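Notes follow the structure.
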Amino acid sequence: MCGIIGYAGSGNAVPIIVEGLKKLEYRGYDSAGIAIRGAAGFEVVKQKGRLAALEGRIKDSPLKGSLGIGHTRWATHGEPSDVNSHPHLGSGSRIAVVHNGIIENYKQLKERLERRGIVFASQTDSEVIAQLAEYYYDGNLLDTVIKTANALEGSYALGIMCLEEPDTLVAVKKDNPLIVGVSDTGNFIASDIPAILEHTNKVYYLNDKEIAVITEKDVRFFNMDKEPFGKELETITWSVDSAEKGGFAHFMLKEIMEQPKVVKETINSANIELPDISQFNKLVITACGSAYNAGVVSKYVFERLCRLPSIEVELASEFRYKDAVVDDKTLVILISQSGETADTIAAMREAKNKGAVTLSIVNVVGSTIAKEADHTIYTAAGPEIAVATTKAFSTQLIVLYMLAIKFAARLNRLSPEGEAELLAEIATLPGKIAEILESVDFIQKYASECVGYKSIFFIGRNIDYAIALEGSLKLKEISYIHSEAYAGGELKHGTISLVEENTLVVTISCCKRLHSKILSNAEQVISRGAKVLLVANTNEVESTDKLSQIRLPEIHELFSPSLSVVVLQLFSYYVAANKGLDIDKPRNLAKSVTVE
């Protein structure tokens, strides 16, 4: 995961890099570091822990220079520590490197360099890049970067400085995101747009094995044969404010509250670029984490509306290794907020190699998945900073609903009148989400009473079970309370043995035809000592000391997850807030999973 930033310009690089790292801390917060090209050579400050610890070190030992790189780390090789933090220097302190990714052949490279007398300081795979580059350096940094990159196996986004070329920053990437920003006061590299948005909205997106040579005055691009080429400069439409907290206690709460706006914008702007669905006999949806849960929800929608012979939802991390049965009659839908999720990229490439047509749903223009998929639909979530996704998930649902409706219409499974009716129902979602967000007092109060639970379970039937998966994931991500989601009908097949006194079971009921069934499941857990929180848009039931309820606005059953998930997000948020946890940066997690 990790976040990197670099600057070459006329200003002091230190505050620019530190502020940029703050915008990237969601990508990793085990440690952070900065390297500046100073008058006497590289000045490096690295610190285990959160970025605030690094800021304290810099305040005690001020740095100054107009060329620098910075890094915030999510540890893969080597424990979080000062010495394992980035940037890494070669043993002669001539080369400085920041790295996002994993070098798969680092052990072989390290052993080779050690045989030549080079001494390593850290346990990381990343240090081998700095040591190898310094070993190869013969007076030309671009040549050195090409030779080094050709020796690396794995994934990387790199920012590299050289003592002998004090005005130059070189960047190269493979399978990990990297952008180049340009401004009147200097030029940048970064893992993600928010890091540099305060300074510029003009960016280039690097493709794999493309090299950027950056100075204060210009940016030049080369391929691995050292041939120069041009790239198109793109303009980011996000505002600076969209990447700020805006007065909210946490980014997560801000992003929850933004959902009516971004859902509406996604409805209005989603460019549903459709392949000819009639040529396919199989639909596979693949993703990771919350995006996978969105896929599970959409399976119920696609099945109900499209009636295709085969619809599957696969974890991308499993799809890439299972020798999936897909061919040119298969449409593979890939869902990823960042468009850089490593397992989803690999799944996409595996599907394409087998002849499948790919369609991606992503939030980031210019991302790897967006560029490589045969068809792409963008959500309009804007920058999402909190590690636990909320608004990106909700916009993914919207696109999936609309895609299912359009496919059903193309397949003549849905009449023009039926299509219009369902689209009109979707158009009511922003207002109904806003209605939920205007009355959060009960959720907040109820959540405050739940901090002592050791286990909280989520149950539902049909599409309610699908959204229960996301509710459970959200809770465990940020509150660290053990949580699982179950199909209501499966309780009696073993899982009810986990229910005891002081267990909470969140019960979702938005399928009217199954309301009595899920209420029966609720009674079963209550009779074994559990308490139930009922989230429903059906007729109210009588509250008791064992059963509390939250009423949702009425909506078509297929689109009810867009309302119930808002309640589940708020519940998880307020449980974590009442525990005093670091909600935007939950332990051991990072936002964009760019390593396997």
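Numbering starts fresh at 1 for the residues of each chain in the structure tokens, the chains themselves are lettered A, B, ... in the order given, and ligands are numbered from 1 as they appear.
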Can you pull out the residues contacting Glu114 in chain A? Cut-off 12 Å, using only C-alpha atoms, and skip same-chain residues under 4 positions away; I want them as a list in words.
Ser91, Tyr106, Lys107, Gln108, Leu109, Lys110, Ile118, Val119, Phe120, Ala121, Val128, Gln131, Leu132 and Tyr135 of chain A
For the residues in that selection, give me all heavy atoms as a short mmCIF file (atom, residue, chain, number, x, y, z; two decimals), in the first residue's frame.
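And here's selection.cif as it stands now:
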```cif
data_model
loop_
_atom_site.label_atom_id
_atom_site.label_comp_id
_atom_site.auth_asym_id
_atom_site.auth_seq_id
_atom_site.Cartn_x
_atom_site.Cartn_y
_atom_site.Cartn_z
N SER A 91 24.38 2.54 0.47
CA SER A 91 25.36 2.57 1.56
C SER A 91 26.36 3.70 1.42
O SER A 91 27.00 4.09 2.40
CB SER A 91 26.09 1.22 1.65
OG SER A 91 26.63 0.87 0.40
N TYR A 106 13.90 -9.73 -4.23
CA TYR A 106 14.83 -8.91 -3.46
C TYR A 106 15.89 -9.77 -2.75
O TYR A 106 17.04 -9.33 -2.58
CB TYR A 106 14.08 -8.03 -2.46
CG TYR A 106 13.76 -8.67 -1.13
CD1 TYR A 106 14.56 -8.48 -0.02
CD2 TYR A 106 12.65 -9.49 -0.99
CE1 TYR A 106 14.26 -9.07 1.20
CE2 TYR A 106 12.34 -10.08 0.21
CZ TYR A 106 13.15 -9.87 1.31
OH TYR A 106 12.85 -10.47 2.51
N LYS A 107 15.54 -10.99 -2.34
CA LYS A 107 16.52 -11.82 -1.64
C LYS A 107 17.70 -12.16 -2.54
O LYS A 107 18.86 -12.09 -2.12
CB LYS A 107 15.86 -13.09 -1.12
CG LYS A 107 14.93 -12.86 0.06
CD LYS A 107 14.38 -14.18 0.59
CE LYS A 107 13.47 -13.94 1.78
NZ LYS A 107 12.90 -15.22 2.30
N GLN A 108 17.40 -12.53 -3.79
CA GLN A 108 18.47 -12.85 -4.72
C GLN A 108 19.34 -11.64 -5.00
O GLN A 108 20.58 -11.72 -5.05
CB GLN A 108 17.89 -13.38 -6.04
CG GLN A 108 17.08 -14.67 -5.89
CD GLN A 108 15.60 -14.42 -5.72
OE1 GLN A 108 15.18 -13.62 -4.88
NE2 GLN A 108 14.79 -15.10 -6.54
N LEU A 109 18.69 -10.48 -5.20
CA LEU A 109 19.44 -9.25 -5.45
C LEU A 109 20.29 -8.86 -4.24
O LEU A 109 21.46 -8.45 -4.37
CB LEU A 109 18.48 -8.11 -5.80
CG LEU A 109 17.73 -8.26 -7.13
CD1 LEU A 109 16.67 -7.16 -7.26
CD2 LEU A 109 18.70 -8.20 -8.31
N LYS A 110 19.69 -9.00 -3.07
CA LYS A 110 20.42 -8.65 -1.84
C LYS A 110 21.65 -9.53 -1.66
O LYS A 110 22.74 -9.04 -1.34
CB LYS A 110 19.48 -8.78 -0.65
CG LYS A 110 20.10 -8.35 0.68
CD LYS A 110 19.07 -8.41 1.81
CE LYS A 110 19.68 -7.94 3.12
NZ LYS A 110 18.68 -7.96 4.23
N ILE A 118 28.49 -5.05 -0.13
CA ILE A 118 27.53 -4.01 0.24
C ILE A 118 26.79 -4.44 1.51
O ILE A 118 26.28 -5.56 1.59
CB ILE A 118 26.54 -3.74 -0.91
CG1 ILE A 118 27.32 -3.13 -2.09
CG2 ILE A 118 25.40 -2.84 -0.47
CD1 ILE A 118 26.52 -3.00 -3.35
N VAL A 119 26.73 -3.55 2.48
CA VAL A 119 26.10 -3.83 3.78
C VAL A 119 24.73 -3.19 3.83
O VAL A 119 24.57 -1.99 3.57
CB VAL A 119 26.98 -3.31 4.93
CG1 VAL A 119 26.29 -3.56 6.28
CG2 VAL A 119 28.35 -3.98 4.90
N PHE A 120 23.72 -3.99 4.18
CA PHE A 120 22.35 -3.51 4.27
C PHE A 120 22.02 -3.09 5.70
O PHE A 120 22.48 -3.72 6.67
CB PHE A 120 21.36 -4.59 3.81
CG PHE A 120 21.30 -4.74 2.32
CD1 PHE A 120 22.34 -5.32 1.60
CD2 PHE A 120 20.19 -4.29 1.61
CE1 PHE A 120 22.29 -5.45 0.23
CE2 PHE A 120 20.13 -4.42 0.23
CZ PHE A 120 21.18 -5.00 -0.46
N ALA A 121 21.21 -2.06 5.81
CA ALA A 121 20.86 -1.53 7.13
C ALA A 121 19.51 -2.02 7.62
O ALA A 121 19.27 -2.09 8.83
CB ALA A 121 20.86 0.01 7.10
N VAL A 128 16.90 -2.76 -1.20
CA VAL A 128 17.69 -3.34 -2.28
C VAL A 128 17.65 -2.45 -3.52
O VAL A 128 18.61 -2.43 -4.31
CB VAL A 128 17.20 -4.77 -2.61
CG1 VAL A 128 15.92 -4.76 -3.43
CG2 VAL A 128 18.27 -5.56 -3.35
N GLN A 131 20.27 0.29 -2.96
CA GLN A 131 21.62 -0.28 -3.03
C GLN A 131 21.97 -0.68 -4.46
O GLN A 131 23.09 -0.46 -4.94
CB GLN A 131 21.72 -1.51 -2.11
CG GLN A 131 21.48 -1.20 -0.64
CD GLN A 131 22.65 -0.48 0.02
OE1 GLN A 131 23.56 0.05 -0.64
NE2 GLN A 131 22.63 -0.43 1.34
N LEU A 132 21.01 -1.27 -5.17
CA LEU A 132 21.25 -1.70 -6.55
C LEU A 132 21.47 -0.49 -7.45
O LEU A 132 22.38 -0.49 -8.30
CB LEU A 132 20.07 -2.53 -7.04
CG LEU A 132 20.22 -3.22 -8.40
CD1 LEU A 132 21.33 -4.26 -8.35
CD2 LEU A 132 18.90 -3.87 -8.81
N TYR A 135 24.82 0.92 -6.86
CA TYR A 135 25.82 0.02 -7.45
C TYR A 135 25.93 0.23 -8.96
O TYR A 135 27.03 0.22 -9.53
CB TYR A 135 25.45 -1.43 -7.13
CG TYR A 135 26.35 -2.45 -7.75
CD1 TYR A 135 27.63 -2.71 -7.22
CD2 TYR A 135 25.94 -3.18 -8.87
CE1 TYR A 135 28.46 -3.66 -7.80
CE2 TYR A 135 26.77 -4.13 -9.44
CZ TYR A 135 28.03 -4.36 -8.92
OH TYR A 135 28.86 -5.30 -9.48
#
```
Residue among A:Tyr204, A:Phe458, A:Trp238, A:Tyr480 lying closest to Val525 in chain A, counting only C-alpha atoms
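So, comparing all the options, the nearest one is A:Phe458.
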Selection: 10 Å around Met224 in chain A, only C-alpha atoms, excl. self and same-chain fewer than 3 positions, as a tab-separated table (two decimals) with all heavy atoms, in the first residue's frame:
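Once written, selection-v5.tsv looks like this:
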```tsv
chain	number	residue	atom	x	y	z
A	142	LEU	N	19.08	8.52	-15.30
A	142	LEU	CA	18.07	7.86	-16.13
A	142	LEU	C	18.53	6.47	-16.54
A	142	LEU	O	17.77	5.50	-16.45
A	142	LEU	CB	17.77	8.71	-17.37
A	142	LEU	CG	16.80	8.11	-18.39
A	142	LEU	CD1	15.46	7.76	-17.75
A	142	LEU	CD2	16.60	9.07	-19.56
A	143	ASP	N	19.77	6.35	-16.98
A	143	ASP	CA	20.31	5.03	-17.33
A	143	ASP	C	20.26	4.09	-16.13
A	143	ASP	O	19.94	2.90	-16.26
A	143	ASP	CB	21.76	5.16	-17.81
A	143	ASP	CG	21.87	5.81	-19.18
A	143	ASP	OD1	20.85	5.83	-19.90
A	143	ASP	OD2	22.96	6.30	-19.51
A	145	VAL	N	18.22	4.17	-13.53
A	145	VAL	CA	16.85	3.77	-13.21
A	145	VAL	C	16.38	2.68	-14.18
A	145	VAL	O	15.72	1.71	-13.77
A	145	VAL	CB	15.92	4.99	-13.24
A	145	VAL	CG1	14.44	4.56	-13.16
A	145	VAL	CG2	16.24	5.93	-12.09
A	146	ILE	N	16.69	2.83	-15.45
A	146	ILE	CA	16.30	1.81	-16.43
A	146	ILE	C	16.95	0.47	-16.10
A	146	ILE	O	16.27	-0.58	-16.08
A	146	ILE	CB	16.69	2.25	-17.86
A	146	ILE	CG1	15.82	3.45	-18.29
A	146	ILE	CG2	16.55	1.09	-18.83
A	146	ILE	CD1	16.26	4.07	-19.60
A	147	LYS	N	18.23	0.49	-15.81
A	147	LYS	CA	18.94	-0.75	-15.50
A	147	LYS	C	18.40	-1.38	-14.21
A	147	LYS	O	18.21	-2.60	-14.12
A	147	LYS	CB	20.44	-0.46	-15.37
A	147	LYS	CG	21.31	-1.72	-15.38
A	147	LYS	CD	22.78	-1.34	-15.48
A	147	LYS	CE	23.64	-2.60	-15.56
A	147	LYS	NZ	25.08	-2.28	-15.67
A	149	ALA	N	15.32	-0.90	-12.81
A	149	ALA	CA	13.95	-1.37	-13.01
A	149	ALA	C	13.94	-2.70	-13.77
A	149	ALA	O	13.12	-3.57	-13.48
A	149	ALA	CB	13.13	-0.32	-13.75
A	150	ASN	N	14.82	-2.84	-14.73
A	150	ASN	CA	14.88	-4.09	-15.50
A	150	ASN	C	15.31	-5.28	-14.64
A	150	ASN	O	15.04	-6.44	-14.99
A	150	ASN	CB	15.82	-3.94	-16.69
A	150	ASN	CG	15.18	-3.19	-17.84
A	150	ASN	OD1	13.98	-3.26	-18.04
A	150	ASN	ND2	15.99	-2.47	-18.60
A	172	VAL	N	9.36	5.97	-11.76
A	172	VAL	CA	8.99	4.88	-12.65
A	172	VAL	C	8.01	3.99	-11.90
A	172	VAL	O	8.04	3.91	-10.67
A	172	VAL	CB	10.24	4.09	-13.12
A	172	VAL	CG1	10.93	3.42	-11.94
A	172	VAL	CG2	9.87	3.06	-14.18
A	209	LYS	N	6.06	0.83	-16.66
A	209	LYS	CA	7.37	0.93	-17.31
A	209	LYS	C	7.57	2.25	-18.05
A	209	LYS	O	8.39	2.33	-18.95
A	209	LYS	CB	7.60	-0.25	-18.26
A	209	LYS	CG	7.69	-1.62	-17.55
A	209	LYS	CD	8.87	-1.67	-16.60
A	209	LYS	CE	9.11	-3.07	-16.04
A	209	LYS	NZ	9.87	-3.94	-16.92
A	210	GLU	N	6.83	3.28	-17.66
A	210	GLU	CA	7.10	4.64	-18.15
A	210	GLU	C	7.91	5.38	-17.08
A	210	GLU	O	7.66	5.24	-15.88
A	210	GLU	CB	5.80	5.38	-18.44
A	210	GLU	CG	5.07	4.84	-19.65
A	210	GLU	CD	3.81	5.62	-19.98
A	210	GLU	OE1	3.37	6.46	-19.15
A	210	GLU	OE2	3.25	5.39	-21.07
A	211	ILE	N	8.85	6.18	-17.55
A	211	ILE	CA	9.76	6.89	-16.65
A	211	ILE	C	9.53	8.38	-16.80
A	211	ILE	O	9.43	8.90	-17.92
A	211	ILE	CB	11.23	6.56	-16.98
A	211	ILE	CG1	11.45	5.04	-16.93
A	211	ILE	CG2	12.17	7.28	-16.02
A	211	ILE	CD1	12.78	4.62	-17.53
A	227	GLU	N	13.74	5.99	-25.01
A	227	GLU	CA	13.16	6.78	-26.09
A	227	GLU	C	12.16	7.78	-25.50
A	227	GLU	O	11.27	7.39	-24.73
A	227	GLU	CB	12.44	5.87	-27.09
A	227	GLU	CG	13.36	4.90	-27.79
A	227	GLU	CD	12.60	3.83	-28.55
A	227	GLU	OE1	11.44	3.55	-28.19
A	227	GLU	OE2	13.18	3.26	-29.50
A	228	PRO	N	12.30	9.08	-25.83
A	228	PRO	CA	11.36	10.07	-25.29
A	228	PRO	C	9.99	9.97	-25.96
A	228	PRO	O	9.88	9.52	-27.11
A	228	PRO	CB	12.04	11.40	-25.62
A	228	PRO	CG	12.88	11.10	-26.83
A	228	PRO	CD	13.33	9.68	-26.69
```
Nearest to Arg320 in chain A, restricted to only C-alpha atoms and choosing among A:Asn588, A:Ser455, A:Asn353, A:Ser497, comes out as A:Asn353
Could you please write out, as a short mmCIF file (atom, residue, chain, number, x, y, z; two decimals) with N, CA, C and O atoms, in the first residue's frame, every residue of range 15-203 of chain A that DSSP assigns to strand (DSSP E)?
```
data_model
loop_
_atom_site.label_atom_id
_atom_site.label_comp_id
_atom_site.auth_asym_id
_atom_site.auth_seq_id
_atom_site.Cartn_x
_atom_site.Cartn_y
_atom_site.Cartn_z
N SER A 31 4.91 4.03 9.70
CA SER A 31 6.06 4.91 9.85
C SER A 31 6.04 5.91 8.70
O SER A 31 5.26 5.77 7.76
N ALA A 32 6.89 6.90 8.79
CA ALA A 32 6.97 7.91 7.73
C ALA A 32 8.37 8.47 7.69
O ALA A 32 9.13 8.38 8.66
N GLY A 33 8.73 9.06 6.53
CA GLY A 33 10.06 9.62 6.41
C GLY A 33 10.16 10.59 5.26
O GLY A 33 9.30 10.65 4.38
N ILE A 34 11.23 11.37 5.27
CA ILE A 34 11.45 12.38 4.25
C ILE A 34 12.95 12.48 3.98
O ILE A 34 13.77 12.33 4.90
N ALA A 35 13.31 12.69 2.72
CA ALA A 35 14.71 12.93 2.33
C ALA A 35 14.75 14.20 1.50
O ALA A 35 13.99 14.34 0.54
N ILE A 36 15.64 15.11 1.86
CA ILE A 36 15.80 16.39 1.16
C ILE A 36 17.23 16.49 0.63
O ILE A 36 18.18 16.13 1.32
N ARG A 37 17.34 16.99 -0.58
CA ARG A 37 18.68 17.26 -1.12
C ARG A 37 19.12 18.61 -0.58
O ARG A 37 18.66 19.66 -1.02
N GLY A 38 19.98 18.57 0.43
CA GLY A 38 20.45 19.79 1.06
C GLY A 38 21.81 20.21 0.52
O GLY A 38 22.37 19.58 -0.39
N GLY A 41 24.38 17.39 1.05
CA GLY A 41 24.01 16.03 0.67
C GLY A 41 22.58 15.73 1.08
O GLY A 41 21.78 16.65 1.30
N PHE A 42 22.24 14.47 1.18
CA PHE A 42 20.89 14.09 1.57
C PHE A 42 20.70 14.25 3.07
O PHE A 42 21.52 13.77 3.86
N GLU A 43 19.64 14.91 3.45
CA GLU A 43 19.23 15.00 4.84
C GLU A 43 17.97 14.16 4.99
O GLU A 43 16.96 14.41 4.33
N VAL A 44 18.03 13.15 5.85
CA VAL A 44 16.95 12.18 5.98
C VAL A 44 16.44 12.15 7.42
O VAL A 44 17.24 12.08 8.36
N VAL A 45 15.12 12.19 7.55
CA VAL A 45 14.47 12.01 8.86
C VAL A 45 13.41 10.95 8.69
O VAL A 45 12.53 11.07 7.82
N LYS A 46 13.49 9.89 9.52
CA LYS A 46 12.54 8.79 9.45
C LYS A 46 12.07 8.48 10.87
O LYS A 46 12.84 8.58 11.82
N GLN A 47 10.81 8.05 10.97
CA GLN A 47 10.26 7.85 12.31
C GLN A 47 9.17 6.78 12.29
O GLN A 47 8.24 6.83 11.49
N LYS A 48 9.28 5.81 13.17
CA LYS A 48 8.22 4.84 13.37
C LYS A 48 6.98 5.53 13.93
O LYS A 48 7.09 6.49 14.69
N LEU A 67 14.37 20.08 -3.40
CA LEU A 67 14.17 18.77 -4.02
C LEU A 67 14.05 17.74 -2.91
O LEU A 67 14.90 17.68 -2.02
N GLY A 68 12.97 16.94 -2.96
CA GLY A 68 12.83 15.97 -1.89
C GLY A 68 11.79 14.91 -2.19
O GLY A 68 10.98 15.03 -3.13
N ILE A 69 11.82 13.84 -1.39
CA ILE A 69 10.86 12.75 -1.49
C ILE A 69 10.38 12.39 -0.09
O ILE A 69 11.09 12.57 0.90
N GLY A 70 9.16 11.87 -0.01
CA GLY A 70 8.60 11.46 1.27
C GLY A 70 7.81 10.18 1.13
O GLY A 70 7.41 9.78 0.03
N HIS A 71 7.54 9.52 2.27
CA HIS A 71 6.93 8.19 2.25
C HIS A 71 6.16 7.97 3.54
O HIS A 71 6.61 8.32 4.62
N THR A 72 4.98 7.37 3.42
CA THR A 72 4.26 6.87 4.59
C THR A 72 4.03 5.39 4.37
O THR A 72 3.59 4.97 3.30
N ARG A 73 4.36 4.57 5.37
CA ARG A 73 4.56 3.12 5.15
C ARG A 73 3.47 2.26 5.75
O ARG A 73 2.99 2.51 6.85
N HIS A 88 15.02 5.13 1.70
CA HIS A 88 16.22 4.33 1.89
C HIS A 88 17.35 4.93 1.07
O HIS A 88 17.14 5.43 -0.04
N LEU A 89 18.54 4.87 1.64
CA LEU A 89 19.74 5.35 0.96
C LEU A 89 20.63 4.17 0.60
O LEU A 89 20.64 3.14 1.29
N ILE A 95 22.34 7.66 -3.48
CA ILE A 95 21.02 7.43 -4.05
C ILE A 95 19.99 7.36 -2.92
O ILE A 95 20.23 6.71 -1.89
N ALA A 96 18.85 8.04 -3.10
CA ALA A 96 17.74 7.99 -2.14
C ALA A 96 16.49 7.51 -2.88
O ALA A 96 16.21 7.95 -4.00
N VAL A 97 15.75 6.60 -2.24
CA VAL A 97 14.60 5.96 -2.90
C VAL A 97 13.41 5.89 -1.96
O VAL A 97 13.56 5.60 -0.77
N VAL A 98 12.21 6.14 -2.52
CA VAL A 98 10.96 5.76 -1.87
C VAL A 98 10.25 4.77 -2.77
O VAL A 98 10.32 4.87 -4.00
N HIS A 99 9.55 3.81 -2.15
CA HIS A 99 9.01 2.68 -2.90
C HIS A 99 7.64 2.29 -2.36
O HIS A 99 7.44 2.19 -1.16
N ASN A 100 6.70 2.07 -3.27
CA ASN A 100 5.42 1.45 -2.95
C ASN A 100 5.33 0.18 -3.77
O ASN A 100 5.43 0.22 -5.00
N GLY A 101 5.14 -0.97 -3.10
CA GLY A 101 5.03 -2.23 -3.83
C GLY A 101 5.79 -3.33 -3.12
O GLY A 101 6.16 -3.21 -1.94
N ILE A 102 6.04 -4.41 -3.83
CA ILE A 102 6.80 -5.54 -3.29
C ILE A 102 7.78 -6.02 -4.35
O ILE A 102 7.39 -6.28 -5.49
N ILE A 103 9.04 -6.16 -3.97
CA ILE A 103 10.07 -6.68 -4.88
C ILE A 103 10.21 -8.18 -4.59
O ILE A 103 10.70 -8.58 -3.53
N GLY A 154 8.37 -7.94 -9.58
CA GLY A 154 7.35 -7.60 -8.61
C GLY A 154 6.65 -6.32 -9.00
O GLY A 154 6.52 -5.99 -10.18
N SER A 155 6.21 -5.57 -8.00
CA SER A 155 5.47 -4.34 -8.25
C SER A 155 6.20 -3.16 -7.60
O SER A 155 6.83 -3.32 -6.55
N TYR A 156 6.10 -2.01 -8.23
CA TYR A 156 6.78 -0.85 -7.66
C TYR A 156 6.26 0.45 -8.25
O TYR A 156 5.83 0.52 -9.39
N ALA A 157 6.26 1.47 -7.41
CA ALA A 157 6.23 2.86 -7.82
C ALA A 157 7.39 3.51 -7.10
O ALA A 157 7.49 3.40 -5.86
N LEU A 158 8.27 4.15 -7.83
CA LEU A 158 9.53 4.61 -7.27
C LEU A 158 9.74 6.10 -7.50
O LEU A 158 9.44 6.62 -8.59
N GLY A 159 10.28 6.75 -6.49
CA GLY A 159 10.84 8.09 -6.62
C GLY A 159 12.30 8.02 -6.24
O GLY A 159 12.64 7.52 -5.14
N ILE A 160 13.19 8.48 -7.12
CA ILE A 160 14.63 8.29 -6.92
C ILE A 160 15.37 9.60 -7.12
O ILE A 160 15.15 10.31 -8.11
N MET A 161 16.26 9.91 -6.18
CA MET A 161 17.15 11.08 -6.29
C MET A 161 18.60 10.60 -6.25
O MET A 161 18.91 9.57 -5.67
N CYS A 162 19.46 11.41 -6.85
CA CYS A 162 20.89 11.10 -6.89
C CYS A 162 21.69 12.32 -6.44
O CYS A 162 21.40 13.45 -6.86
N GLU A 165 23.13 14.52 -9.17
CA GLU A 165 22.19 15.24 -10.04
C GLU A 165 21.17 15.96 -9.16
O GLU A 165 20.03 15.54 -9.01
N PRO A 166 21.63 17.06 -8.55
CA PRO A 166 20.89 17.68 -7.43
C PRO A 166 19.58 18.35 -7.80
O PRO A 166 18.84 18.77 -6.89
N ASP A 167 19.27 18.48 -9.07
CA ASP A 167 18.03 19.15 -9.47
C ASP A 167 17.00 18.18 -10.04
O ASP A 167 15.94 18.61 -10.51
N THR A 168 17.29 16.88 -10.01
CA THR A 168 16.49 15.92 -10.76
C THR A 168 15.85 14.87 -9.86
O THR A 168 16.51 14.32 -8.96
N LEU A 169 14.60 14.58 -10.15
CA LEU A 169 13.85 13.50 -9.51
C LEU A 169 13.36 12.58 -10.62
O LEU A 169 12.78 13.05 -11.60
N VAL A 170 13.59 11.29 -10.47
CA VAL A 170 13.16 10.33 -11.48
C VAL A 170 12.12 9.39 -10.87
O VAL A 170 12.28 8.92 -9.73
N ALA A 171 11.07 9.11 -11.64
CA ALA A 171 10.00 8.23 -11.18
C ALA A 171 9.73 7.16 -12.23
O ALA A 171 9.84 7.42 -13.43
N VAL A 172 9.36 5.97 -11.76
CA VAL A 172 8.99 4.88 -12.65
C VAL A 172 8.01 3.99 -11.90
O VAL A 172 8.04 3.91 -10.67
N LYS A 173 7.12 3.30 -12.63
CA LYS A 173 6.13 2.45 -11.97
C LYS A 173 5.88 1.16 -12.73
O LYS A 173 6.06 1.08 -13.95
N LYS A 174 5.43 0.16 -11.97
CA LYS A 174 4.92 -1.09 -12.53
C LYS A 174 3.92 -1.66 -11.53
O LYS A 174 4.28 -1.99 -10.39
N ILE A 179 1.37 9.31 -10.16
CA ILE A 179 1.00 10.44 -11.00
C ILE A 179 2.11 11.47 -10.96
O ILE A 179 2.93 11.51 -10.04
N VAL A 180 2.13 12.31 -11.97
CA VAL A 180 3.07 13.44 -12.05
C VAL A 180 2.24 14.70 -12.14
O VAL A 180 1.40 14.84 -13.04
N GLY A 181 2.45 15.63 -11.20
CA GLY A 181 1.74 16.90 -11.22
C GLY A 181 2.65 18.03 -11.65
O GLY A 181 3.85 18.01 -11.36
N VAL A 182 2.09 19.02 -12.36
CA VAL A 182 2.88 20.16 -12.82
C VAL A 182 2.26 21.47 -12.35
O VAL A 182 1.03 21.60 -12.29
N SER A 183 3.11 22.40 -11.99
CA SER A 183 2.64 23.72 -11.54
C SER A 183 3.67 24.78 -11.89
O SER A 183 4.79 24.46 -12.33
N GLY A 186 6.81 24.40 -9.50
CA GLY A 186 7.52 23.14 -9.40
C GLY A 186 6.68 21.98 -9.86
O GLY A 186 5.51 22.14 -10.23
N ASN A 187 7.27 20.81 -9.84
CA ASN A 187 6.60 19.61 -10.32
C ASN A 187 6.66 18.51 -9.26
O ASN A 187 7.54 18.50 -8.40
N PHE A 188 5.73 17.55 -9.36
CA PHE A 188 5.49 16.61 -8.28
C PHE A 188 5.36 15.18 -8.81
O PHE A 188 5.01 14.96 -9.97
N ILE A 189 5.61 14.24 -7.92
CA ILE A 189 5.12 12.88 -8.10
C ILE A 189 4.30 12.54 -6.86
O ILE A 189 4.54 13.09 -5.77
N ALA A 190 3.34 11.62 -7.01
CA ALA A 190 2.53 11.22 -5.86
C ALA A 190 1.80 9.93 -6.16
O ALA A 190 1.55 9.59 -7.32
N LYS A 202 -3.33 19.76 -12.47
CA LYS A 202 -2.83 19.31 -13.77
C LYS A 202 -1.89 18.12 -13.56
O LYS A 202 -0.85 18.25 -12.90
N VAL A 203 -2.26 16.97 -14.11
CA VAL A 203 -1.49 15.77 -13.84
C VAL A 203 -1.29 14.92 -15.09
O VAL A 203 -2.07 14.99 -16.05
#
```
Quick one, how far is CA of Asn84 in chain A from CA of Ser126 in chain A?
9.0 Å
So that each row is one residue of range 221-300 of chain A with an atom at most 12 Å from range 551-558 of chain A, can you give its shortest atom pair and the distance in Å to one decimal, using only C-alpha atoms, rows by chain and rising number, as a Markdown table?
```
| residue | atom | partner | partner_atom | distance |
| --- | --- | --- | --- | --- |
| A:Val297 | CA | A:Leu558 | CA | 8.7 |
| A:Ser298 | CA | A:Leu558 | CA | 8.7 |
| A:Lys299 | CA | A:Leu558 | CA | 10.4 |
| A:Tyr300 | CA | A:Leu558 | CA | 7.6 |
```
Grab the residues selected above and save them as an mmCIF file, in the first residue's frame with N, CA, C and O atoms.
```cif
data_model
loop_
_atom_site.group_PDB
_atom_site.id
_atom_site.type_symbol
_atom_site.label_atom_id
_atom_site.label_comp_id
_atom_site.auth_asym_id
_atom_site.auth_seq_id
_atom_site.Cartn_x
_atom_site.Cartn_y
_atom_site.Cartn_z
ATOM 1 N N VAL A 297 -24.397 -7.963 -3.455
ATOM 2 C CA VAL A 297 -25.700 -7.306 -3.546
ATOM 3 C C VAL A 297 -26.209 -7.335 -4.983
ATOM 4 O O VAL A 297 -27.365 -7.683 -5.266
ATOM 5 N N SER A 298 -25.336 -6.970 -5.912
ATOM 6 C CA SER A 298 -25.768 -6.835 -7.308
ATOM 7 C C SER A 298 -26.136 -8.174 -7.936
ATOM 8 O O SER A 298 -26.919 -8.225 -8.886
ATOM 9 N N LYS A 299 -25.598 -9.276 -7.420
ATOM 10 C CA LYS A 299 -25.957 -10.593 -7.948
ATOM 11 C C LYS A 299 -27.471 -10.809 -7.861
ATOM 12 O O LYS A 299 -28.099 -11.323 -8.797
ATOM 13 N N TYR A 300 -28.061 -10.414 -6.738
ATOM 14 C CA TYR A 300 -29.512 -10.548 -6.585
ATOM 15 C C TYR A 300 -30.246 -9.687 -7.608
ATOM 16 O O TYR A 300 -31.280 -10.084 -8.142
#
```
